[in-house]
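Novice: Let me give you the structure first, and then I'll get to my questions.
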Amino acid sequence: MRARLTAIENLISRDPGHRNIFGLVIPGQLRLAALSLLSAEKVGIVTGFPVLSKGVGETDGPPGALALGQALGKLGIEVVYLTDELNRPLLEAIGAGPLPEYHPGLIETERLSHLVAVERPGRGRDGRYYNMFGQDISHLVEPLDELFLKAEDLPVTTIGIGDGGNEIGLGRILDGVTKAVDKGWLIGSTVPTDYLILSGVSNWGAYGLVGALSVLAGQDLLPSASDIRVCINSMLAAGSVDGVTSEAVAKVDGLDLRESIALVEEIRSIFLLPSEGCS
Ligand code: MG
Ligand code: MG
């Protein structure tokens, strides 16, 4: 079982965007995050990253959040999705719900046992939010990362999924991000999580986590190619754009959607490998 989980962890650690964060991977985090989720009572999945030039949310984040939420639902685990007003139409368009309004007391009112962030801005050292180009996007970001800071003092487990250094969770490796990532000293997130999953594209990290849950549960929980296409097309119809090119095209982080679909099929093929006996 561990060999399959390690294979998935390695698979999602490709670096197509040359973000240079994979020297910072903490091995085994994918497995530990998935194991923790299996005992979750209720999970809040936080996502949505604004594209400054267009004032809309990007295509990386919500598809991974939806795939994770649907997988947890199949395991009988309750889920809520959390985002801000700018990204709300995108989550509604892909059918991600329930989608309660953000407020600082959400952990208590929703009785969350876990929080997962999929490509969601985490505040930098100066308390502002930045995109990968070093541009200040604070006016487009509601402080949902506050929930993760608050969770440090509560019996709530947190998981961060990111691909660039400026997302919730990457605060756990802030010193490494500062050294390894372009403008890391400025954009690096200061918000840590208990478990941290790095991936070439954040959606891939979420698909990897769904793959790990599939291996642990012995059940294929991964989205189909059609699910992934429908999700992205629904987001585009609701105004979303690719986060790297700012274009309204079926791409994620500048990569053709076929690359995401191929990656999910590779994860599925690892899930389908025979288990390793007594390992
Ligand atoms: Mg990112
Ligand atoms: Mg991304």
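For the structure tokens, the naming scheme is as follows: chains receive sequential letters (A, B, ...) according to their order of presentation, residues are indexed from 1 within each chain, and ligands are indexed from 1 in presentation order.
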Output the neighbourhood of ligand 2 as JSON, numbers by chain, that is, all protein and nucleic acid residues with some atom at most 6 Å from the ligand, counting only C-alpha atoms and all ligand atoms.
Specialist: {"A": [60, 163, 201, 202, 253]}
Novice: Emit the selected residues as a short mmCIF file (atom, residue, chain, number, x, y, z; two decimals), in the first residue's frame, including N, CA and C atoms.
Specialist:
data_model
loop_
_atom_site.label_atom_id
_atom_site.label_comp_id
_atom_site.auth_asym_id
_atom_site.auth_seq_id
_atom_site.Cartn_x
_atom_site.Cartn_y
_atom_site.Cartn_z
N ASP A 60 -7.37 26.69 -11.64
CA ASP A 60 -6.71 25.78 -10.72
C ASP A 60 -7.30 25.98 -9.32
N ASP A 163 1.13 24.83 -5.15
CA ASP A 163 2.08 24.58 -6.23
C ASP A 163 3.10 25.70 -6.43
N VAL A 201 0.66 21.27 -10.20
CA VAL A 201 -0.56 22.05 -10.36
C VAL A 201 -1.40 21.68 -9.13
N SER A 202 -2.05 22.65 -8.51
CA SER A 202 -2.73 22.32 -7.25
C SER A 202 -3.86 21.31 -7.46
N ASP A 253 -3.20 26.31 -15.23
CA ASP A 253 -1.81 26.76 -15.08
C ASP A 253 -1.07 26.71 -16.42
#
Novice: Could the residues that lie within 12 Å of ligand 1, counting only C-alpha atoms and all ligand atoms, be listed as a ChimeraX atom specification?
Specialist: /A:17-19,21,47-51,58-61,117-122,130-133,160-170,181,187-189,198-205,242-244,252-254
Novice: With DSSP run on the backbone, what are the helix (DSSP H, G or I) residues within segment 170-262 of chain A? I'd like them as an NGL selection string.
Specialist: :A and (171-180 or 184-187 or 202-217 or 225-237 or 257-262)
Novice: Can you write out as CSV which residues of segment 153-232 of chain A fall within 8 Å of segment 142-149 of chain A, alongside each residue's closest atom pair and its distance in Å to one decimal, counting only C-alpha atoms and ordering rows by chain and ascending residue number?
Specialist:
residue,atom,partner,partner_atom,distance
A:Asp153,CA,A:Leu149,CA,8.0
A:Thr158,CA,A:Phe148,CA,6.8
A:Ile168,CA,A:Asp145,CA,6.5
A:Val191,CA,A:Leu149,CA,6.8
A:Pro192,CA,A:Phe148,CA,7.7
A:Thr193,CA,A:Phe148,CA,7.1
Novice: Taking only segment 25-252 of chain A into account, list the residues labelled strand (DSSP E or B) by DSSP (computed from the backbone), as a VMD selection string.
Specialist: chain A and resid 42 to 47 50 to 51 56 to 58 78 to 82 114 to 118 121 130 136 157 to 162 167 169 to 170 192 195 to 198 241 251 to 252
Novice: Please identify all polymer residues within 7 Å of Ile267 of chain A, counting only C-alpha atoms, omitting same-chain residues fewer than 2 positions from it, and present them as a PyMOL selection string.
Specialist: chain A and resi 8+208+211+263-265+269-271
Novice: What gap, in Å, lies between atom CA of Gly69 of chain A and atom CA of Thr245 of chain A?
Specialist: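 Distance reported for this atom pair: 27.3 Å.
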Novice: What's the 10 Å shell around Val230 of chain A, counting only C-alpha atoms, without same-chain residues fewer than 6 positions away, as a list in words?
Specialist: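 Neighbouring residues, sequence-local ones excluded: Pro63, Ile94, Ser224 and Leu236 of chain A.
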Novice: Would you output that residue set with N, CA and C atoms, as a short mmCIF file (atom, residue, chain, number, x, y, z; two decimals), in the first residue's frame?
Specialist:
data_model
loop_
_atom_site.label_atom_id
_atom_site.label_comp_id
_atom_site.auth_asym_id
_atom_site.auth_seq_id
_atom_site.Cartn_x
_atom_site.Cartn_y
_atom_site.Cartn_z
N PRO A 63 -11.64 22.68 -9.38
CA PRO A 63 -11.81 21.30 -9.85
C PRO A 63 -11.23 20.27 -8.88
N ILE A 94 -19.98 24.67 -10.81
CA ILE A 94 -19.54 23.27 -10.89
C ILE A 94 -20.32 22.37 -9.92
N SER A 224 -13.76 11.00 -13.57
CA SER A 224 -13.53 10.52 -14.93
C SER A 224 -13.02 11.67 -15.80
N LEU A 236 -15.45 27.88 -17.08
CA LEU A 236 -15.23 28.87 -18.16
C LEU A 236 -16.53 29.60 -18.49
#
Novice: With only C-alpha atoms as the counted atoms, please give the residues lying no more than 9 Å from segment 71-88 of chain A, apart from itself and same-chain residues fewer than 6 positions off, as a compact mmCIF listing (two decimals) with N, CA and C atoms, in the first residue's frame.
Specialist:
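Output (selection.txt):
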# COMPACT_ATOMS: atom_id res chain seq x y z
N LEU A 37 -7.86 12.14 6.88
CA LEU A 37 -9.19 12.43 6.33
C LEU A 37 -10.15 11.25 6.50
N LEU A 38 -9.59 10.04 6.50
CA LEU A 38 -10.47 8.86 6.64
C LEU A 38 -11.21 8.85 7.96
N SER A 39 -10.67 9.56 8.95
CA SER A 39 -11.35 9.60 10.25
C SER A 39 -12.06 10.95 10.47
N ALA A 40 -12.21 11.72 9.40
CA ALA A 40 -12.84 13.04 9.53
C ALA A 40 -14.33 12.91 9.81
N GLU A 41 -14.85 13.89 10.54
CA GLU A 41 -16.29 13.96 10.76
C GLU A 41 -16.92 14.93 9.77
N LYS A 42 -16.30 16.09 9.62
CA LYS A 42 -16.81 17.06 8.65
C LYS A 42 -15.64 17.90 8.15
N VAL A 43 -15.55 18.05 6.84
CA VAL A 43 -14.39 18.69 6.23
C VAL A 43 -14.81 19.99 5.53
N GLY A 44 -14.11 21.06 5.83
CA GLY A 44 -14.28 22.32 5.09
C GLY A 44 -13.20 22.41 4.02
N ILE A 45 -13.61 22.53 2.76
CA ILE A 45 -12.64 22.60 1.66
C ILE A 45 -12.63 24.03 1.13
N VAL A 46 -11.47 24.66 1.26
CA VAL A 46 -11.31 26.08 0.95
C VAL A 46 -10.56 26.22 -0.37
N THR A 47 -11.09 27.01 -1.29
CA THR A 47 -10.42 27.16 -2.59
C THR A 47 -10.80 28.50 -3.22
N GLY A 48 -10.15 28.78 -4.37
CA GLY A 48 -10.45 30.01 -5.12
C GLY A 48 -9.29 30.97 -5.10
N PHE A 49 -8.69 31.23 -6.29
CA PHE A 49 -7.54 32.13 -6.38
C PHE A 49 -7.82 33.16 -7.47
N PRO A 50 -7.74 34.46 -7.15
CA PRO A 50 -8.10 35.47 -8.15
C PRO A 50 -7.00 35.73 -9.19
N GLY A 55 -9.92 40.00 -12.71
CA GLY A 55 -10.84 40.14 -11.57
C GLY A 55 -11.78 38.96 -11.42
N VAL A 56 -11.32 37.78 -11.85
CA VAL A 56 -12.13 36.55 -11.70
C VAL A 56 -11.22 35.45 -11.12
N GLY A 57 -11.83 34.33 -10.81
CA GLY A 57 -11.06 33.21 -10.25
C GLY A 57 -10.45 32.35 -11.34
N GLU A 58 -9.34 31.69 -11.01
CA GLU A 58 -8.65 30.85 -11.99
C GLU A 58 -9.15 29.41 -11.99
N PRO A 62 -10.70 25.00 -7.79
CA PRO A 62 -12.05 24.44 -7.65
C PRO A 62 -12.22 23.02 -8.23
N ALA A 65 -10.83 20.78 -5.65
CA ALA A 65 -11.68 20.82 -4.44
C ALA A 65 -12.92 19.96 -4.65
N ALA A 96 -20.54 22.65 -6.57
CA ALA A 96 -19.90 22.41 -5.28
C ALA A 96 -20.76 22.99 -4.16
N GLY A 97 -21.30 22.15 -3.33
CA GLY A 97 -22.13 22.62 -2.24
C GLY A 97 -22.24 21.54 -1.17
N PRO A 98 -22.71 21.93 0.02
CA PRO A 98 -23.14 23.26 0.44
C PRO A 98 -21.98 24.26 0.45
N LEU A 99 -22.35 25.53 0.31
CA LEU A 99 -21.38 26.61 0.16
C LEU A 99 -21.75 27.75 1.12
N PRO A 100 -21.56 27.54 2.43
CA PRO A 100 -21.97 28.58 3.39
C PRO A 100 -21.14 29.85 3.21
N GLU A 101 -21.72 30.98 3.61
CA GLU A 101 -21.01 32.26 3.59
C GLU A 101 -19.84 32.19 4.56
N TYR A 102 -18.71 32.76 4.15
CA TYR A 102 -17.56 32.80 5.05
C TYR A 102 -17.81 33.75 6.23
N GLU A 110 -20.00 25.24 11.85
CA GLU A 110 -20.11 24.08 10.96
C GLU A 110 -19.58 22.80 11.62
N LEU A 112 -16.48 21.73 12.18
CA LEU A 112 -15.50 21.10 11.28
C LEU A 112 -14.44 20.33 12.08
N ARG A 120 -5.30 28.22 -2.46
CA ARG A 120 -5.97 29.36 -1.84
C ARG A 120 -4.91 30.29 -1.25
N LEU A 140 -8.68 41.56 -3.65
CA LEU A 140 -9.54 40.53 -4.25
C LEU A 140 -9.66 39.29 -3.36
N VAL A 141 -9.05 39.34 -2.17
CA VAL A 141 -8.97 38.13 -1.33
C VAL A 141 -9.63 38.38 0.02
N GLU A 142 -10.63 37.59 0.35
CA GLU A 142 -11.17 37.61 1.71
C GLU A 142 -10.30 36.70 2.56
N PRO A 143 -10.14 37.02 3.85
CA PRO A 143 -9.12 36.33 4.67
C PRO A 143 -9.55 34.95 5.16
N LEU A 144 -9.81 34.04 4.23
CA LEU A 144 -10.20 32.68 4.63
C LEU A 144 -9.05 31.93 5.30
N VAL A 210 -7.07 12.28 -3.66
CA VAL A 210 -8.19 11.38 -3.95
C VAL A 210 -7.65 9.99 -4.32
N LEU A 213 -6.71 8.32 -1.10
CA LEU A 213 -7.93 7.86 -0.42
C LEU A 213 -8.46 6.60 -1.09
N SER A 214 -8.36 6.56 -2.43
CA SER A 214 -8.83 5.39 -3.17
C SER A 214 -8.04 4.15 -2.77
N ALA A 217 -8.94 3.18 0.86
CA ALA A 217 -10.31 2.69 1.02
C ALA A 217 -10.60 1.49 0.13
N ASP A 220 -12.31 3.04 -6.12
CA ASP A 220 -11.92 4.08 -7.08
C ASP A 220 -12.79 5.32 -6.88
N LEU A 221 -12.20 6.36 -6.33
CA LEU A 221 -12.92 7.60 -6.02
C LEU A 221 -12.57 8.73 -6.98
N LEU A 222 -11.74 8.41 -7.98
CA LEU A 222 -11.20 9.45 -8.88
C LEU A 222 -12.25 9.92 -9.89
N PRO A 223 -12.16 11.20 -10.32
CA PRO A 223 -13.08 11.68 -11.35
C PRO A 223 -12.74 11.06 -12.70
N SER A 240 -14.47 31.98 -15.50
CA SER A 240 -13.12 31.68 -15.03
C SER A 240 -12.10 31.76 -16.18
Novice: Given the choices A:Ile26, A:Cys231, A:Ala248, A:Leu35, which gets closest to Ile197 of chain A if the distance is worked out from only C-alpha atoms?
Specialist: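 Closest residue, counting only C-alpha atoms: A:Ile26.
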Novice: To one decimal place in Å, what is the distance between atom CA of Leu91 of chain A and atom CA of Leu68 of chain A?
Specialist: 13.4 Å
Novice: Which residues are near Gly134 of chain A? Cut-off 9 Å, only C-alpha atoms, ignore same chain within fewer than 5 positions. Put them as a list in words.
Specialist: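 That gives Asp182, Lys183, Gly184, Leu186 and Ile187 of chain A.
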Novice: Hey, can you check how far atom CA of Ala237 of chain A sits from atom CA of Ala93 of chain A?
Specialist: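 Atom-to-atom, atom CA of Ala237 of chain A to atom CA of Ala93 of chain A, that is 8.1 Å.
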